file start_1.pdb (PDB, C-alpha atoms)
ATOM      1  CA  MET A   1       0.000   0.000   0.000
ATOM      2  CA  PRO A   2       1.469   3.435  -0.886
ATOM      3  CA  LYS A   3       2.497   5.592   2.081
ATOM      4  CA  ALA A   4      -0.173   8.212   1.336
ATOM      5  CA  ALA A   5      -2.809   5.498   1.507
ATOM      6  CA  GLN A   6      -1.327   4.244   4.797
ATOM      7  CA  LEU A   7      -1.437   7.788   6.192
ATOM      8  CA  LEU A   8      -5.064   8.231   5.132
ATOM      9  CA  VAL A   9      -6.003   4.932   6.750
ATOM     10  CA  ALA A  10      -4.183   6.006   9.929
ATOM     11  CA  LEU A  11      -6.022   9.330   9.932
ATOM     12  CA  CYS A  12      -9.321   7.505   9.603
ATOM     13  CA  VAL A  13      -8.489   5.147  12.470
ATOM     14  CA  LEU A  14      -7.115   7.887  14.728
ATOM     15  CA  GLY A  15     -10.072  10.126  14.056
ATOM     16  CA  ALA A  16     -12.524   7.259  14.566
ATOM     17  CA  THR A  17     -13.933   8.149  11.181
ATOM     18  CA  ALA A  18     -15.391   5.530   8.883
ATOM     19  CA  CYS A  19     -13.711   5.939   5.539
ATOM     20  CA  GLY A  20     -14.790   4.474   2.253
ATOM     21  CA  GLY A  21     -12.616   4.586  -0.825
ATOM     22  CA  SER A  22     -12.564   4.612  -4.562
ATOM     23  CA  ASP A  23      -9.703   4.242  -6.943
ATOM     24  CA  SER A  24      -8.656   6.832  -9.515
ATOM     25  CA  GLN A  25     -10.867   5.181 -12.109
ATOM     26  CA  GLY A  26     -13.956   5.989 -10.019
ATOM     27  CA  THR A  27     -14.900   2.423  -9.077
ATOM     28  CA  PRO A  28     -15.386   1.220  -5.513
ATOM     29  CA  ASN A  29     -12.565  -0.680  -3.860
ATOM     30  CA  ASP A  30     -12.453  -2.592  -0.612
ATOM     31  CA  GLY A  31     -13.363   0.438   1.514
ATOM     32  CA  GLY A  32      -9.799   1.183   2.586
ATOM     33  CA  ALA A  33      -7.697   4.093   1.422
ATOM     34  CA  GLY A  34      -8.148   4.876  -2.259
ATOM     35  CA  GLU A  35      -5.359   3.564  -4.394
ATOM     36  CA  SER A  36      -4.658   4.420  -7.988
ATOM     37  CA  GLY A  37      -6.190   1.723 -10.142
ATOM     38  CA  ASN A  38      -4.701   0.701 -13.464
ATOM     39  CA  PRO A  39      -6.911  -1.870 -15.187
ATOM     40  CA  SER A  40      -5.319  -3.660 -18.105
ATOM     41  CA  GLY A  41      -4.890  -1.208 -20.962
ATOM     42  CA  ALA A  42      -5.836   1.879 -18.895
ATOM     43  CA  THR A  43      -3.544   4.874 -18.557
ATOM     44  CA  GLU A  44      -2.390   5.549 -14.999
ATOM     45  CA  LEU A  45      -3.391   9.006 -13.835
ATOM     46  CA  GLY A  46      -0.918  11.368 -12.248
ATOM     47  CA  GLY A  47       0.604  14.766 -12.504
ATOM     48  CA  THR A  48       3.417  16.937 -11.229
ATOM     49  CA  PHE A  49       3.942  19.186  -8.250
ATOM     50  CA  THR A  50       6.553  21.765  -7.324
ATOM     51  CA  PHE A  51       7.587  22.609  -3.784
ATOM     52  CA  GLY A  52      10.744  24.366  -2.625
ATOM     53  CA  GLY A  53      11.971  24.752  -6.187
ATOM     54  CA  GLU A  54      11.882  20.993  -6.811
ATOM     55  CA  THR A  55       9.436  19.438  -9.284
ATOM     56  CA  ALA A  56       8.310  15.825  -8.953
ATOM     57  CA  ASP A  57       6.090  13.504 -10.976
ATOM     58  CA  CYS A  58       3.293  11.921  -8.987
ATOM     59  CA  LYS A  59       0.665   9.168  -9.077
ATOM     60  CA  THR A  60      -2.960  10.013  -8.307
ATOM     61  CA  SER A  61      -5.347   8.248  -5.956
ATOM     62  CA  THR A  62      -8.667   9.333  -4.465
ATOM     63  CA  GLN A  63     -10.239   8.951  -1.047
ATOM     64  CA  ASP A  64     -13.865   9.224   0.077
ATOM     65  CA  PHE A  65     -14.409  10.004   3.773
ATOM     66  CA  ALA A  66     -17.760   8.331   4.384
ATOM     67  CA  ALA A  67     -18.488   9.926   7.767
ATOM     68  CA  THR A  68     -18.038  13.521   6.557
ATOM     69  CA  GLY A  69     -18.642  13.197   2.833
ATOM     70  CA  GLU A  70     -15.248  14.764   2.057
ATOM     71  CA  PHE A  71     -13.366  13.673  -1.047
ATOM     72  CA  SER A  72      -9.591  13.910  -1.479
ATOM     73  CA  VAL A  73      -7.278  13.646  -4.437
ATOM     74  CA  VAL A  74      -3.746  12.601  -3.458
ATOM     75  CA  CYS A  75      -0.757  12.976  -5.777
ATOM     76  CA  GLU A  76       2.236  11.126  -4.356
ATOM     77  CA  ASN A  77       5.864  10.714  -5.334
ATOM     78  CA  ASP A  78       7.155   7.511  -3.768
ATOM     79  CA  GLU A  79      10.048   6.693  -6.083
ATOM     80  CA  ASP A  80      12.564   7.411  -3.293
ATOM     81  CA  ASP A  81      11.680   6.354   0.270
ATOM     82  CA  SER A  82      14.122   8.881   1.717
ATOM     83  CA  ASN A  83      12.357  11.688  -0.171
ATOM     84  CA  TYR A  84       8.720  10.521  -0.070
ATOM     85  CA  ARG A  85       6.210  13.391  -0.462
ATOM     86  CA  PHE A  86       2.657  14.070  -1.591
ATOM     87  CA  VAL A  87       0.070  16.780  -2.228
ATOM     88  CA  GLN A  88      -3.479  16.234  -0.977
ATOM     89  CA  VAL A  89      -6.431  18.313  -2.148
ATOM     90  CA  THR A  90      -9.607  17.803  -0.088
ATOM     91  CA  PHE A  91     -13.030  18.880  -1.337
ATOM     92  CA  LYS A  92     -16.364  19.200   0.449
ATOM     93  CA  ASP A  93     -17.588  16.172  -1.532
ATOM     94  CA  GLU A  94     -16.943  14.302  -4.774
ATOM     95  CA  PRO A  95     -19.430  16.282  -6.917
ATOM     96  CA  SER A  96     -17.581  19.478  -5.907
ATOM     97  CA  ALA A  97     -14.290  17.922  -7.021
ATOM     98  CA  ARG A  98     -15.806  16.985 -10.367
ATOM     99  CA  THR A  99     -17.123  20.477 -11.177
ATOM    100  CA  ALA A 100     -15.069  22.872 -13.315
ATOM    101  CA  GLN A 101     -14.572  25.872 -11.042
ATOM    102  CA  THR A 102     -12.190  28.239  -9.301
ATOM    103  CA  LEU A 103     -11.646  27.125  -5.711
ATOM    104  CA  THR A 104     -11.571  28.919  -2.331
ATOM    105  CA  PHE A 105      -9.014  27.841   0.286
ATOM    106  CA  MET A 106      -9.999  26.471   3.668
ATOM    107  CA  ALA A 107      -8.061  25.138   6.647
ATOM    108  CA  PRO A 108      -7.611  21.337   6.498
ATOM    109  CA  PHE A 109     -10.273  18.946   7.802
ATOM    110  CA  ALA A 110     -12.522  21.897   8.632
ATOM    111  CA  PHE A 111     -15.366  20.733   6.426
ATOM    112  CA  LYS A 112     -18.670  20.114   8.154
ATOM    113  CA  PRO A 113     -21.891  20.253   6.184
ATOM    114  CA  GLU A 114     -23.360  22.716   8.644
ATOM    115  CA  ASP A 115     -20.289  25.024   8.494
ATOM    116  CA  HIS A 116     -19.087  24.892   4.900
ATOM    117  CA  GLU A 117     -21.811  24.612   2.321
ATOM    118  CA  ALA A 118     -19.694  26.202  -0.432
ATOM    119  CA  ALA A 119     -19.010  23.741  -3.240
ATOM    120  CA  ASP A 120     -15.819  25.645  -4.124
ATOM    121  CA  ALA A 121     -14.143  25.072  -0.710
ATOM    122  CA  VAL A 122     -10.845  23.179  -0.835
ATOM    123  CA  ALA A 123      -8.059  22.320   1.629
ATOM    124  CA  VAL A 124      -4.536  21.793   0.243
ATOM    125  CA  SER A 125      -1.709  19.974   2.061
ATOM    126  CA  TYR A 126       1.888  19.133   1.230
ATOM    127  CA  THR A 127       3.600  16.370   3.220
ATOM    128  CA  ASN A 128       7.209  15.216   3.180
ATOM    129  CA  LYS A 129       9.633  13.674   5.679
ATOM    130  CA  ASP A 130       9.749  16.982   7.586
ATOM    131  CA  GLY A 131       5.996  17.158   8.212
ATOM    132  CA  THR A 132       2.858  18.685   6.728
ATOM    133  CA  LEU A 133       2.038  22.206   5.595
ATOM    134  CA  ASP A 134      -1.611  23.141   5.058
ATOM    135  CA  SER A 135      -3.701  25.819   3.428
ATOM    136  CA  GLU A 136      -5.543  28.252   5.654
ATOM    137  CA  ASP A 137      -8.659  30.327   5.087
ATOM    138  CA  ASP A 138      -6.426  33.240   4.029
ATOM    139  CA  SER A 139      -3.970  31.296   1.808
ATOM    140  CA  THR A 140      -2.774  33.061  -1.319
ATOM    141  CA  GLY A 141      -2.290  31.627  -4.797
ATOM    142  CA  SER A 142      -4.943  30.050  -6.959
ATOM    143  CA  ALA A 143      -6.627  26.705  -7.434
ATOM    144  CA  LYS A 144      -9.089  25.456 -10.005
ATOM    145  CA  VAL A 145     -10.644  22.329 -11.427
ATOM    146  CA  THR A 146     -11.095  21.931 -15.173
ATOM    147  CA  ALA A 147     -12.626  19.129 -17.208
ATOM    148  CA  SER A 148     -10.545  17.641 -20.006
ATOM    149  CA  GLY A 149     -11.340  14.589 -22.116
ATOM    150  CA  GLY A 150     -13.648  12.977 -19.570
ATOM    151  CA  ARG A 151     -11.124  13.508 -16.771
ATOM    152  CA  TYR A 152     -10.626  16.308 -14.294
ATOM    153  CA  VAL A 153      -7.509  18.379 -13.684
ATOM    154  CA  ILE A 154      -6.667  20.254 -10.483
ATOM    155  CA  THR A 155      -4.299  23.174 -11.058
ATOM    156  CA  LEU A 156      -2.611  24.764  -8.052
ATOM    157  CA  ASP A 157      -0.562  27.915  -8.634
ATOM    158  CA  SER A 158       1.727  29.135  -5.825
ATOM    159  CA  VAL A 159      -0.638  28.147  -3.016
ATOM    160  CA  SER A 160       0.708  29.385   0.336
ATOM    161  CA  LEU A 161       0.901  26.734   3.056
ATOM    162  CA  SER A 162       1.999  26.760   6.694
ATOM    163  CA  THR A 163       2.068  24.752   9.893
ATOM    164  CA  VAL A 164      -0.591  25.486  12.501
ATOM    165  CA  THR A 165       1.879  27.746  14.336
ATOM    166  CA  SER A 166       3.127  29.315  11.061
ATOM    167  CA  GLU A 167       6.699  28.376  12.044
ATOM    168  CA  ASP A 168       7.230  26.711   8.669
ATOM    169  CA  THR A 169       5.792  27.993   5.420
ATOM    170  CA  GLY A 170       6.029  27.185   1.723
ATOM    171  CA  GLU A 171       4.246  27.298  -1.608
ATOM    172  CA  VAL A 172       3.041  24.453  -3.755
ATOM    173  CA  SER A 173       2.095  24.390  -7.424
ATOM    174  CA  ALA A 174       0.673  21.318  -9.110
ATOM    175  CA  THR A 175      -1.183  19.852 -12.056
ATOM    176  CA  ILE A 176      -3.070  16.747 -10.935
ATOM    177  CA  ASN A 177      -5.180  14.543 -13.225
ATOM    178  CA  PHE A 178      -7.923  12.377 -11.750
TER     179      PHE A 178
END

call {"tool": "encode", "arguments": {"input": "start_1.pdb", "output": "structure tokens"}}
result
Amino acid sequence: MPKAAQLLVALCVLGATACGGSDSQGTPNDGGAGESGNPSGATELGGTFTFGGETADCKTSTQDFAATGEFSVVCENDEDDSNYRFVQVTFKDEPSARTAQTLTFMAPFAFKPEDHEAADAVAVSYTNKDGTLDSEDDSTGSAKVTASGGRYVITLDSVSLSTVTSEDTGEVSATINF
């Protein structure tokens, strides 16, 4: 199981949240963390992301959080265990992720149906061996979803991220196909 999937499963267990999953092809899997599916003859989805001046190719997987309705797209680079990293983009729900639109940043895991009804709300995170940086309600940069050839593309442009205490900051840019 890819490390991003392991992390998502751990988050579900630690948060006592029931998580259901789907693979990047949009079909149900065993209910664990969403892993990128690649049926015979299908093209594996992925993208690229840039953080700290370094660009990496990544593989895409998706995750449904059954208890909250949230939907995440994870783009991970796991070609080097010593430099494992990923970008996670979390939407209010799957229909919001699959709607061409400009997105509004939110703090991570802050989605609750009663608090955030906006379909354009999105939380962005970047994780590497040093920890995780997240978007906040006042993050700068831009994010959008576009539809292309029956697939969707998330484009992040210089999205500002920080730790909860703002001790560490950074920017992430990405093009993620799912």

call {"tool": "atom_distance", "arguments": {"input": "start_1.pdb", "atom1": "CA of Thr68 in chain A", "atom2": "CA of Asp137 in chain A"}}
result
19.3 Å

call {"tool": "resolve_selection", "arguments": {"input": "start_1.pdb", "expression": "the PyMOL selection byres ((chain A and resi 118) around 9)", "output": "mmCIF file with C-alpha atoms, in the frame of the given file"}}
result
data_model
loop_
_atom_site.group_PDB
_atom_site.id
_atom_site.type_symbol
_atom_site.label_atom_id
_atom_site.label_comp_id
_atom_site.auth_asym_id
_atom_site.auth_seq_id
_atom_site.Cartn_x
_atom_site.Cartn_y
_atom_site.Cartn_z
ATOM 1 C CA LYS A 92 -16.364 19.200 0.449
ATOM 2 C CA SER A 96 -17.581 19.478 -5.907
ATOM 3 C CA THR A 104 -11.571 28.919 -2.331
ATOM 4 C CA HIS A 116 -19.087 24.892 4.900
ATOM 5 C CA GLU A 117 -21.811 24.612 2.321
ATOM 6 C CA ALA A 119 -19.010 23.741 -3.240
ATOM 7 C CA ASP A 120 -15.819 25.645 -4.124
ATOM 8 C CA ALA A 121 -14.143 25.072 -0.710
#

call {"tool": "atom_distance", "arguments": {"input": "start_1.pdb", "atom1": "CA of Thr90 in chain A", "atom2": "CA of Glu70 in chain A"}}
result
6.8 Å

call {"tool": "atom_distance", "arguments": {"input": "start_1.pdb", "atom1": "CA of Ser173 in chain A", "atom2": "CA of Glu136 in chain A"}}
result
15.6 Å

call {"tool": "closest_residue", "arguments": {"input": "start_1.pdb", "among": "A:Ala66, A:Ile154, A:Ala56, A:Ala147", "to": "Leu103 in chain A", "atoms": "only C-alpha atoms"}}
result
A:Ile154

call {"tool": "resolve_selection", "arguments": {"input": "start_1.pdb", "expression": "the PyMOL selection byres ((chain A and resi 157) around 12)", "output": "number ranges by chain"}}
result
A: 48-51, 102-103, 124, 139-145, 154-156, 158-161, 171-176

call {"tool": "residues_around", "arguments": {"input": "start_1.pdb", "residues": "Asp57 in chain A", "least_positions_apart": "6", "cutoff": "9 Å", "atoms": "only C-alpha atoms", "output": "list in words"}}
result
Gly46, Gly47, Thr48, Phe49, Cys75, Glu76 and Asn77 of chain A

call {"tool": "resolve_selection", "arguments": {"input": "start_1.pdb", "expression": "the PyMOL selection byres ((chain A and resi 74) around 7)", "output": "ChimeraX atom specification"}}
result
/A:60-62,72-73,75-76,86-89

call {"tool": "write_last_selection", "arguments": {"input": "start_1.pdb", "atoms": "C-alpha atoms", "output": "PDB file, in the frame of the given file"}}
result
ATOM      1  CA  THR A  60      -2.960  10.013  -8.307  1.00  0.00           C
ATOM      2  CA  SER A  61      -5.347   8.248  -5.956  1.00  0.00           C
ATOM      3  CA  THR A  62      -8.667   9.333  -4.465  1.00  0.00           C
ATOM      4  CA  SER A  72      -9.591  13.910  -1.479  1.00  0.00           C
ATOM      5  CA  VAL A  73      -7.278  13.646  -4.437  1.00  0.00           C
ATOM      6  CA  CYS A  75      -0.757  12.976  -5.777  1.00  0.00           C
ATOM      7  CA  GLU A  76       2.236  11.126  -4.356  1.00  0.00           C
ATOM      8  CA  PHE A  86       2.657  14.070  -1.591  1.00  0.00           C
ATOM      9  CA  VAL A  87       0.070  16.780  -2.228  1.00  0.00           C
ATOM     10  CA  GLN A  88      -3.479  16.234  -0.977  1.00  0.00           C
ATOM     11  CA  VAL A  89      -6.431  18.313  -2.148  1.00  0.00           C
TER      12      VAL A  89
END

call {"tool": "residues_near_point", "arguments": {"input": "start_1.pdb", "point": "(5.9, 25.2, 4.0)", "cutoff": "8 Å", "atoms": "all atoms listed in the file", "output": "PyMOL selection string"}}
result
chain A and resi 126+132-134+160-163+168-171

call {"tool": "closest_residue", "arguments": {"input": "start_1.pdb", "among": "A:Val164, A:Thr146, A:Glu94, A:Gln101", "to": "Ser125 in chain A", "atoms": "all atoms listed in the file"}}
result
A:Val164
